[in-house]
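Pasting run00.txt here (compact mmCIF, C-alpha atoms):
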# COMPACT_ATOMS: atom_id res chain seq x y z
CA MET X 2 0.00 0.00 0.00
CA ARG X 3 1.67 3.18 -1.10
CA THR X 4 1.27 6.60 0.47
CA THR X 5 1.82 9.86 -1.36
CA GLY X 6 1.59 12.44 1.40
CA THR X 7 -1.48 14.11 2.81
CA LEU X 8 -3.91 15.48 0.26
CA ALA X 9 -6.94 17.57 1.06
CA LEU X 10 -9.45 15.95 -1.23
CA VAL X 11 -12.86 17.16 -2.22
CA VAL X 12 -14.70 14.20 -3.72
CA ALA X 13 -16.54 15.47 -6.75
CA ALA X 14 -20.15 14.86 -5.76
CA ILE X 15 -22.53 17.65 -4.83
CA VAL X 16 -25.49 18.04 -2.52
CA ALA X 17 -28.27 19.26 -4.75
CA ALA X 18 -29.60 21.71 -2.18
CA CYS X 19 -26.48 23.88 -2.23
CA THR X 20 -26.72 27.60 -2.98
CA SER X 21 -26.21 28.49 -6.62
CA PRO X 22 -23.12 30.64 -7.33
CA VAL X 23 -23.63 34.29 -8.24
CA ALA X 24 -22.22 35.40 -11.58
CA THR X 25 -20.21 38.64 -11.64
CA THR X 26 -19.36 40.91 -14.56
CA THR X 27 -16.66 43.56 -14.85
CA VAL X 28 -17.95 46.66 -16.65
CA GLY X 29 -15.78 49.02 -18.65
CA ALA X 30 -12.74 46.78 -18.98
CA PRO X 31 -10.48 47.73 -21.89
CA THR X 32 -10.76 45.69 -25.05
CA THR X 33 -7.62 43.97 -26.29
CA THR X 34 -7.27 42.00 -29.49
CA VAL X 35 -5.12 38.90 -29.03
CA ALA X 36 -4.15 36.54 -31.80
CA ALA X 37 -5.34 32.99 -31.11
CA PRO X 38 -2.51 30.54 -30.32
CA PRO X 39 -1.93 27.75 -32.82
CA PRO X 40 -3.98 24.57 -32.40
CA ALA X 41 -2.69 22.07 -29.84
CA THR X 42 -1.06 18.91 -31.10
CA GLY X 43 -2.99 15.65 -31.15
CA GLY X 44 -5.92 16.93 -33.21
CA LEU X 45 -7.63 18.93 -30.43
CA ASP X 46 -7.71 22.72 -30.59
CA LEU X 47 -7.98 23.79 -26.95
CA TYR X 48 -9.59 27.04 -28.09
CA ASP X 49 -12.40 25.37 -30.00
CA VAL X 50 -13.59 22.04 -28.66
CA SER X 51 -17.18 22.59 -29.74
CA PRO X 52 -17.08 20.02 -32.59
CA LEU X 53 -15.90 17.35 -30.15
CA VAL X 54 -18.52 18.33 -27.58
CA ASP X 55 -21.25 18.08 -30.22
CA ARG X 56 -20.09 14.53 -31.00
CA VAL X 57 -20.08 13.26 -27.44
CA ILE X 58 -22.82 15.20 -25.66
CA ASP X 59 -25.43 12.43 -26.04
CA GLY X 60 -23.14 10.05 -24.20
CA VAL X 61 -22.87 12.18 -21.05
CA VAL X 62 -25.73 12.19 -18.55
CA ALA X 63 -26.48 13.76 -15.20
CA VAL X 64 -27.03 11.31 -12.35
CA THR X 65 -29.21 12.50 -9.47
CA GLN X 66 -29.90 10.41 -6.41
CA ALA X 67 -32.93 10.72 -4.22
CA ARG X 68 -33.71 9.42 -0.76
CA LEU X 69 -37.11 8.50 0.56
CA VAL X 70 -38.43 10.49 3.52
CA ARG X 71 -41.85 10.44 5.13
CA ASP X 72 -44.12 13.41 5.67
CA LEU X 73 -46.11 14.06 8.84
CA GLN X 74 -48.76 11.62 7.65
CA GLY X 75 -46.18 8.89 7.09
CA ASN X 76 -46.31 9.03 3.29
CA PRO X 77 -42.99 8.35 1.51
CA THR X 78 -41.63 11.22 -0.59
CA GLU X 79 -38.50 11.40 -2.72
CA VAL X 80 -36.21 14.37 -2.10
CA PRO X 81 -33.06 15.23 -4.08
CA ALA X 82 -29.89 14.24 -2.23
CA GLY X 83 -26.97 14.71 -4.58
CA ALA X 84 -25.78 14.86 -8.14
CA GLY X 85 -22.99 13.55 -10.33
CA THR X 86 -22.35 12.47 -13.91
CA GLY X 87 -22.47 9.25 -15.92
CA ILE X 88 -21.00 7.86 -19.14
CA VAL X 89 -23.11 5.85 -21.58
CA ILE X 90 -20.94 2.88 -22.61
CA ASP X 91 -23.18 0.71 -24.81
CA ASP X 92 -26.50 0.47 -26.65
CA ALA X 93 -28.04 -1.63 -23.85
CA GLY X 94 -28.41 1.39 -21.56
CA HIS X 95 -25.39 0.78 -19.32
CA ILE X 96 -24.00 3.91 -17.69
CA LEU X 97 -20.67 4.08 -15.85
CA THR X 98 -20.23 6.40 -12.86
CA ASN X 99 -18.50 6.69 -9.50
CA PHE X 100 -19.71 4.60 -6.59
CA HIS X 101 -19.76 7.63 -4.31
CA VAL X 102 -22.26 9.28 -6.66
CA VAL X 103 -24.85 6.54 -6.05
CA ALA X 104 -23.95 5.33 -2.54
CA GLY X 105 -26.87 5.48 -0.12
CA SER X 106 -29.48 6.32 -2.74
CA ASP X 107 -33.05 5.06 -2.67
CA ALA X 108 -33.68 6.07 -6.28
CA LEU X 109 -31.56 7.28 -9.19
CA ILE X 110 -32.57 9.56 -12.02
CA VAL X 111 -30.50 9.91 -15.20
CA THR X 112 -31.02 13.06 -17.27
CA SER X 113 -29.74 13.31 -20.83
CA ALA X 114 -28.94 16.40 -22.86
CA ASP X 115 -32.37 16.30 -24.50
CA GLY X 116 -33.95 16.84 -21.06
CA LYS X 117 -35.41 13.36 -20.72
CA ASP X 118 -35.38 11.81 -17.24
CA ARG X 119 -34.96 8.07 -16.84
CA GLU X 120 -35.03 5.93 -13.73
CA ALA X 121 -31.82 3.92 -13.35
CA VAL X 122 -30.91 0.85 -11.34
CA ILE X 123 -27.49 -0.21 -10.07
CA VAL X 124 -26.30 -3.42 -11.73
CA GLY X 125 -22.67 -3.41 -10.58
CA ARG X 126 -20.66 -1.80 -7.82
CA ALA X 127 -17.01 -1.80 -6.75
CA PRO X 128 -16.65 0.62 -3.81
CA HIS X 129 -12.90 0.02 -3.45
CA ARG X 130 -12.44 1.22 -7.05
CA ASP X 131 -15.11 3.95 -6.69
CA LEU X 132 -17.03 2.50 -9.63
CA ALA X 133 -20.67 1.69 -10.24
CA LEU X 134 -22.59 0.57 -13.30
CA LEU X 135 -26.19 1.70 -13.86
CA ARG X 136 -28.74 0.63 -16.41
CA VAL X 137 -31.73 2.40 -17.95
CA THR X 138 -34.38 0.74 -20.08
CA ASP X 139 -35.10 3.75 -22.32
CA THR X 140 -32.04 4.20 -24.53
CA SER X 141 -33.58 6.55 -27.09
CA GLY X 142 -31.34 9.54 -27.71
CA LEU X 143 -28.37 8.04 -25.88
CA GLU X 144 -25.13 7.52 -27.81
CA PRO X 145 -22.36 5.37 -26.27
CA LEU X 146 -18.91 6.88 -25.90
CA PRO X 147 -15.95 4.74 -27.00
CA LEU X 148 -13.45 3.69 -24.35
CA GLY X 149 -9.95 4.73 -25.35
CA SER X 150 -6.56 3.86 -23.91
CA SER X 151 -5.18 5.78 -20.94
CA GLN X 152 -1.90 3.95 -21.39
CA ALA X 153 -1.50 5.46 -24.85
CA MET X 154 -1.77 9.00 -23.46
CA ASP X 155 1.33 11.11 -22.88
CA VAL X 156 1.75 13.78 -20.24
CA GLY X 157 0.98 17.08 -21.94
CA ASP X 158 -1.68 15.65 -24.27
CA PRO X 159 -4.86 17.77 -24.45
CA VAL X 160 -7.95 16.50 -22.63
CA ILE X 161 -11.44 17.76 -21.89
CA ALA X 162 -13.76 17.03 -18.98
CA ILE X 163 -17.54 17.08 -19.25
CA GLY X 164 -19.98 16.81 -16.37
CA ASN X 165 -22.82 18.05 -14.23
CA ALA X 166 -20.60 20.57 -12.43
CA LEU X 167 -22.30 22.15 -9.39
CA ALA X 168 -25.59 20.63 -10.65
CA LEU X 169 -26.22 23.90 -12.49
CA ASP X 170 -28.28 22.36 -15.29
CA ALA X 171 -28.58 18.64 -15.99
CA THR X 172 -29.33 19.24 -19.68
CA THR X 173 -26.25 21.38 -20.38
CA PRO X 174 -23.13 19.77 -18.92
CA SER X 175 -20.15 21.97 -18.16
CA VAL X 176 -17.08 21.58 -20.38
CA SER X 177 -13.49 22.31 -19.40
CA ALA X 178 -10.24 21.84 -21.34
CA GLY X 179 -6.68 21.27 -20.25
CA ILE X 180 -3.85 18.81 -20.48
CA LEU X 181 -2.92 15.50 -18.96
CA SER X 182 -0.69 16.69 -16.11
CA ALA X 183 0.58 13.34 -14.78
CA LYS X 184 -0.09 9.62 -14.78
CA GLU X 185 -0.02 6.84 -12.17
CA ARG X 186 -1.01 9.00 -9.23
CA THR X 187 -2.18 7.44 -5.95
CA ILE X 188 -4.48 9.23 -3.52
CA ARG X 189 -6.31 8.40 -0.32
CA THR X 190 -9.92 9.35 0.24
CA GLU X 191 -11.91 8.84 3.43
CA SER X 192 -13.05 5.41 2.30
CA THR X 193 -10.37 3.93 0.05
CA THR X 194 -7.04 4.26 -1.70
CA LEU X 195 -7.22 4.87 -5.45
CA ASP X 196 -4.34 3.90 -7.73
CA HIS X 197 -3.58 4.37 -11.43
CA LEU X 198 -5.09 7.86 -11.49
CA LEU X 199 -4.64 10.46 -14.19
CA GLN X 200 -3.96 14.02 -13.04
CA THR X 201 -5.30 16.92 -15.09
CA ASP X 202 -5.61 20.69 -14.94
CA ALA X 203 -8.94 20.58 -16.78
CA ALA X 204 -11.36 22.01 -14.22
CA ILE X 205 -13.15 19.31 -12.22
CA ASN X 206 -15.78 20.45 -9.73
CA PRO X 207 -18.37 18.90 -7.42
CA GLY X 208 -20.90 17.21 -9.69
CA ASN X 209 -18.27 16.15 -12.25
CA SER X 210 -17.82 12.82 -10.48
CA GLY X 211 -18.39 9.87 -12.79
CA GLY X 212 -18.09 11.97 -15.94
CA PRO X 213 -15.63 11.41 -18.76
CA LEU X 214 -12.12 12.71 -19.24
CA LEU X 215 -11.74 12.59 -23.03
CA ASN X 216 -8.82 12.56 -25.42
CA ALA X 217 -8.66 14.46 -28.70
CA ALA X 218 -10.58 11.71 -30.48
CA GLY X 219 -13.52 11.93 -28.06
CA GLU X 220 -12.63 8.64 -26.38
CA VAL X 221 -12.99 8.09 -22.64
CA ILE X 222 -9.53 7.80 -21.12
CA GLY X 223 -10.55 8.52 -17.52
CA ILE X 224 -13.47 8.76 -15.10
CA ASN X 225 -13.38 12.02 -13.17
CA THR X 226 -13.42 11.29 -9.46
CA ALA X 227 -11.72 13.84 -7.17
CA VAL X 228 -9.97 17.17 -6.81
CA ALA X 229 -7.25 18.35 -4.45
CA GLY X 230 -9.04 20.88 -2.27
CA GLY X 231 -5.96 22.81 -1.20
CA ALA X 232 -4.50 23.18 -4.68
CA GLN X 233 -5.19 24.97 -7.94
CA ASN X 234 -6.34 22.96 -10.97
CA ILE X 235 -5.31 19.54 -9.72
CA GLY X 236 -7.99 17.01 -10.50
CA PHE X 237 -7.92 13.23 -10.75
CA ALA X 238 -9.57 10.68 -13.01
CA ILE X 239 -9.54 6.90 -12.79
CA ALA X 240 -7.47 5.64 -15.73
CA ILE X 241 -9.83 3.70 -17.98
CA ASP X 242 -7.34 0.91 -18.72
CA SER X 243 -7.06 0.10 -15.01
CA VAL X 244 -10.78 -0.64 -14.68
CA LYS X 245 -11.64 -2.27 -18.01
CA PRO X 246 -11.59 -5.75 -16.38
CA THR X 247 -14.01 -4.48 -13.72
CA ILE X 248 -16.32 -3.01 -16.35
CA ALA X 249 -16.24 -6.30 -18.28
CA ARG X 250 -17.22 -8.19 -15.09
CA PHE X 251 -20.04 -5.72 -14.46
CA LEU X 252 -21.42 -6.39 -17.93
CA ARG X 253 -21.21 -10.15 -17.36
CA GLY X 254 -23.00 -9.83 -14.03
CA VAL X 255 -19.92 -10.95 -12.11
CA GLY X 256 -18.64 -9.32 -8.93
CA GLU X 257 -15.11 -8.40 -7.89
CA PRO X 258 -12.67 -11.19 -6.90
CA PHE X 259 -11.74 -11.42 -3.23
CA LEU X 260 -8.62 -12.95 -1.67
CA GLY X 261 -8.90 -11.61 1.86
CA VAL X 262 -5.56 -10.06 2.81
CA SER X 263 -4.16 -6.63 3.58
CA MET X 264 -0.75 -5.98 2.02
CA VAL X 265 2.07 -3.47 1.94
CA ASP X 266 5.20 -3.34 -0.16
CA ASN X 267 7.97 -5.41 1.36
CA SER X 268 11.15 -3.49 2.28
CA PRO X 269 14.64 -3.93 3.72
CA LEU X 270 13.31 -2.68 7.07
CA ALA X 271 10.51 -5.27 7.12
CA ARG X 272 12.95 -7.96 6.04
CA ASP X 273 15.29 -7.22 8.91
CA ARG X 274 12.60 -6.86 11.56
CA LEU X 275 10.64 -9.96 10.57
CA GLY X 276 13.53 -12.17 9.62
CA LEU X 277 12.48 -12.51 6.00
CA ALA X 278 14.70 -13.83 3.22
CA ILE X 279 13.81 -11.07 0.74
CA ASP X 280 12.94 -7.38 0.70
CA THR X 281 10.60 -7.30 -2.32
CA GLY X 282 7.14 -8.68 -2.99
CA ALA X 283 3.82 -8.04 -1.25
CA LEU X 284 4.03 -8.42 2.52
CA ILE X 285 0.78 -9.68 4.07
CA VAL X 286 0.04 -7.74 7.25
CA GLU X 287 -3.45 -9.10 7.90
CA VAL X 288 -5.45 -12.15 6.85
CA VAL X 289 -9.22 -11.65 6.95
CA PRO X 290 -10.93 -14.36 9.03
CA ASN X 291 -13.08 -16.83 7.06
CA SER X 292 -11.64 -15.52 3.78
CA PRO X 293 -10.23 -17.57 0.90
CA ALA X 294 -6.73 -16.69 2.09
CA ALA X 295 -7.45 -17.91 5.62
CA ALA X 296 -9.02 -21.13 4.33
CA ALA X 297 -5.97 -21.81 2.15
CA GLY X 298 -3.55 -21.41 5.06
CA ILE X 299 -1.98 -18.06 4.18
CA ARG X 300 -0.40 -16.41 7.23
CA GLN X 301 0.45 -12.96 8.44
CA TYR X 302 3.92 -11.89 7.25
CA ASP X 303 3.91 -14.26 4.30
CA VAL X 304 5.30 -12.52 1.22
CA ILE X 305 3.62 -13.03 -2.16
CA VAL X 306 6.32 -13.22 -4.84
CA ALA X 307 4.39 -14.70 -7.80
CA ILE X 308 0.84 -15.35 -9.00
CA ASP X 309 0.27 -18.08 -11.57
CA GLY X 310 3.99 -17.95 -12.34
CA THR X 311 4.09 -14.19 -12.88
CA PRO X 312 6.55 -12.48 -10.50
CA VAL X 313 5.27 -9.61 -8.36
CA SER X 314 7.38 -6.93 -6.67
CA THR X 315 4.77 -4.78 -4.94
CA ALA X 316 1.34 -4.96 -3.35
CA GLN X 317 -0.07 -3.09 -6.35
CA ASP X 318 1.27 -5.83 -8.65
CA VAL X 319 -0.83 -8.34 -6.70
CA ILE X 320 -3.93 -6.13 -6.83
CA ASP X 321 -3.54 -5.63 -10.58
CA LEU X 322 -3.10 -9.35 -11.30
CA LEU X 323 -6.00 -10.39 -9.08
CA GLY X 324 -8.09 -7.73 -10.80
CA THR X 325 -7.89 -9.76 -14.02
CA LYS X 326 -9.49 -12.79 -12.33
CA ASP X 327 -13.10 -13.73 -11.67
CA PRO X 328 -14.70 -15.00 -8.47
CA GLY X 329 -14.39 -18.79 -8.54
CA ASP X 330 -10.99 -18.73 -10.26
CA THR X 331 -8.19 -20.63 -8.56
CA VAL X 332 -4.83 -18.87 -8.47
CA ALA X 333 -1.43 -20.36 -7.67
CA LEU X 334 0.45 -18.20 -5.17
CA GLN X 335 4.16 -18.52 -4.56
CA LEU X 336 5.03 -17.26 -1.08
CA ARG X 337 8.15 -16.73 0.99
CA ARG X 338 7.52 -17.65 4.62
CA GLY X 339 10.60 -16.58 6.52
CA THR X 340 13.35 -18.33 4.59
CA ASP X 341 11.05 -21.02 3.16
CA THR X 342 9.28 -21.07 -0.20
CA VAL X 343 5.61 -22.11 -0.05
CA ALA X 344 3.16 -22.80 -2.91
CA ILE X 345 -0.54 -22.39 -2.16
CA ASP X 346 -3.58 -22.57 -4.45
CA VAL X 347 -6.44 -20.24 -3.49
CA THR X 348 -9.95 -20.14 -4.92
CA LEU X 349 -11.18 -16.55 -5.02
CA THR X 350 -14.67 -15.63 -3.88
CA GLU X 351 -16.80 -12.56 -4.65
CA ARG X 352 -16.05 -9.36 -2.76

Would you mind writing the structure in this file as structure tokens?
Amino acid sequence: MRTTGTLALVVAAIVAACTSPVATTTVGAPTTTVAAPPPATGGLDLYDVSPLVDRVIDGVVAVTQARLVRDLQGNPTEVPAGAGTGIVIDDAGHILTNFHVVAGSDALIVTSADGKDREAVIVGRAPHRDLALLRVTDTSGLEPLPLGSSQAMDVGDPVIAIGNALALDATTPSVSAGILSAKERTIRTESTTLDHLLQTDAAINPGNSGGPLLNAAGEVIGINTAVAGGAQNIGFAIAIDSVKPTIARFLRGVGEPFLGVSMVDNSPLARDRLGLAIDTGALIVEVVPNSPAAAAGIRQYDVIVAIDGTPVSTAQDVIDLLGTKDPGDTVALQLRRGTDTVAIDVTLTER
């Protein structure tokens, strides 16, 4: 488990009852004519992204959750509770969003750019990845967005973010442009640690959560999820390549695989203190009771060094490899237990 310092994070979901911002205008400012900079490389002109927005707008929806309350007579009533954004990913009405956008909801409403409201149901959820998959039955007017490759992106490439920022108007998503500022970021939120994040200076605000970060071709290369509250223009999106296996499992109706251990990166310090033979691999610091790991005989301070013959050097390597498996799959773990080498087969269950 890696740490990257303390970040003040504002998770990009918004309570719908917040006060609307007040627009201000400066009167009498001098007029200056400035020549437009040349178009950015990669096919996207940062000063005119309107053609791209026109192409993708029907694949971006507002997601509003409601909770049921009862009036003085005991009658249930839905009240708005929060808002985020979703990405249409296929013609079957599946919509990808963040888990924190839909967590705790009693009902979900999806609003498309044409103003149509649709009731949505949750068909897949992975809280530890901050992902959820919704489905609507009415797909008229919805156009799926293609999933691109976050791995193919270079730092400095132009990107745009689209979403229901500040819940200002569900039918007209906010658009912001910027660049890919960094890759492979890791952050901690109150509920989980998120890895393989893209960092961008394209403005991401409350309500953008679950919306797309797009490349110059209009492909989804990230899912906007958080901003650094104490910084300027530092936002984060879940890299799409890192969650494609999860999305594929959602669509197959399969849950996330579960081993049942807590891990940290092994180190020379851990090696010396625990009497281990190596200082790399994933050091198991806790085994969850009644988990697949416990049933297979895995112990605290075992070090995972390979899965199905593939060497691993860090805890993240283990997480990434297990993320390609399905519940019910049996994996062959190679462990170092002190100075001994141990081989254990474990059948994963559903998280």

Edge lengths and centre in Å to one decimal, as AutoDock Vina command-line options, of the axis-aligned box that encloses all listed atoms of region 209-221 of chain X with 6 Å added on every side?
--center_x -13.5 --center_y 12.1 --center_z -20.5 --size_x 21.7 --size_y 20.1 --size_z 32.0

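Picture a line from CA of Gly87 (chain X) to CA of Val62 (chain X); it runs 5.1 Å.
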
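Here CA of Ile235 (chain X) and CA of Ala217 (chain X) stand 19.9 Å from one another.
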
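Of the residues listed (X:Ala232, X:Val289, X:Leu109, X:Leu260), X:Leu260 shows the shortest atom-to-atom separation from Thr331 (chain X); distances use all atoms listed in the file.
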
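Atom pair CA of Ile285 (chain X) / CA of Ile299 (chain X) has a distance of 8.8 Å (rounded to one decimal).
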
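Residue neighbourhood of Val244 (chain X), excluding near-sequence residues (fewer than 3 positions): X:Arg130, X:Leu132, X:His197, X:Gly223, X:Ile224, X:Ile239, X:Ala240, X:Ile241, X:Thr247, X:Ile248, X:Ala249, X:Arg250, X:Asp321, X:Gly324, X:Thr325, at 10 Å, using only C-alpha atoms.
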
*Around the point (-21.3, -7.5, -12.6), in the coordinates given by the file, pick out the residues reaching within 12 Å, counting only C-alpha atoms, and return them as a list in words.*
His95, Ile123, Val124, Gly125, Arg126, Ala127, Leu132, Ala133, Leu134, Leu135, Arg136, Pro246, Thr247, Ile248, Ala249, Arg250, Phe251, Leu252, Arg253, Gly254, Val255, Gly256, Glu257, Pro258, Asp327, Pro328, Glu351 and Arg352 of chain X

_Neighbour list for Ser210 (chain X) as a VMD selection string, cut-off 12 Å, all atoms listed in the file, skip fewer than 2 positions in-chain_ = chain X and resid 11 to 15 61 to 65 83 to 88 97 to 103 131 to 133 162 to 168 204 to 208 212 to 214 223 to 228 236 to 239

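The closest residue to Val111 (chain X), picked from X:Gly60, X:Gly310, X:Pro128, X:Gly261 and counting all atoms listed in the file, is X:Gly60.
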
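Closest to Ala67 (chain X) among X:Val89, X:Leu181, X:Ile96, X:Ala108 is X:Ala108, based on only C-alpha atoms.
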
*Given all atoms listed in the file as the counted atoms, nearest of X:Leu275, X:Pro293, X:Ile180, X:Ser151 to Asn234 (chain X)*: X:Ile180

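Neighbouring residues of Val304 (chain X) at 7 Å or closer, counting only C-alpha atoms and skipping chain neighbours under 5 positions away, are X:Gly282, X:Ala283, X:Leu284, X:Ile285, X:Leu336, X:Arg337, X:Arg338.
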
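For Thr140 (chain X), the set of protein, DNA and RNA residues having any atom at most 8 Å away, when counting only C-alpha atoms and skipping those fewer than 2 positions along the same chain, is Asp92, Ala93, Gly94, Val137, Thr138, Gly142 and Leu143 of chain X.
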
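For the choices X:Lys117, X:Gln152, X:Val306, X:Ile90, the atom-to-atom distance to Val319 (chain X) is smallest for X:Val306 when using all atoms listed in the file.
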
*So which residues touch Leu215 (chain X) within 6 Å, counting all atoms listed in the file, skipping near sequence neighbours fewer than 4 positions away, as a ChimeraX atom specification?*
/X:160-161,219-222
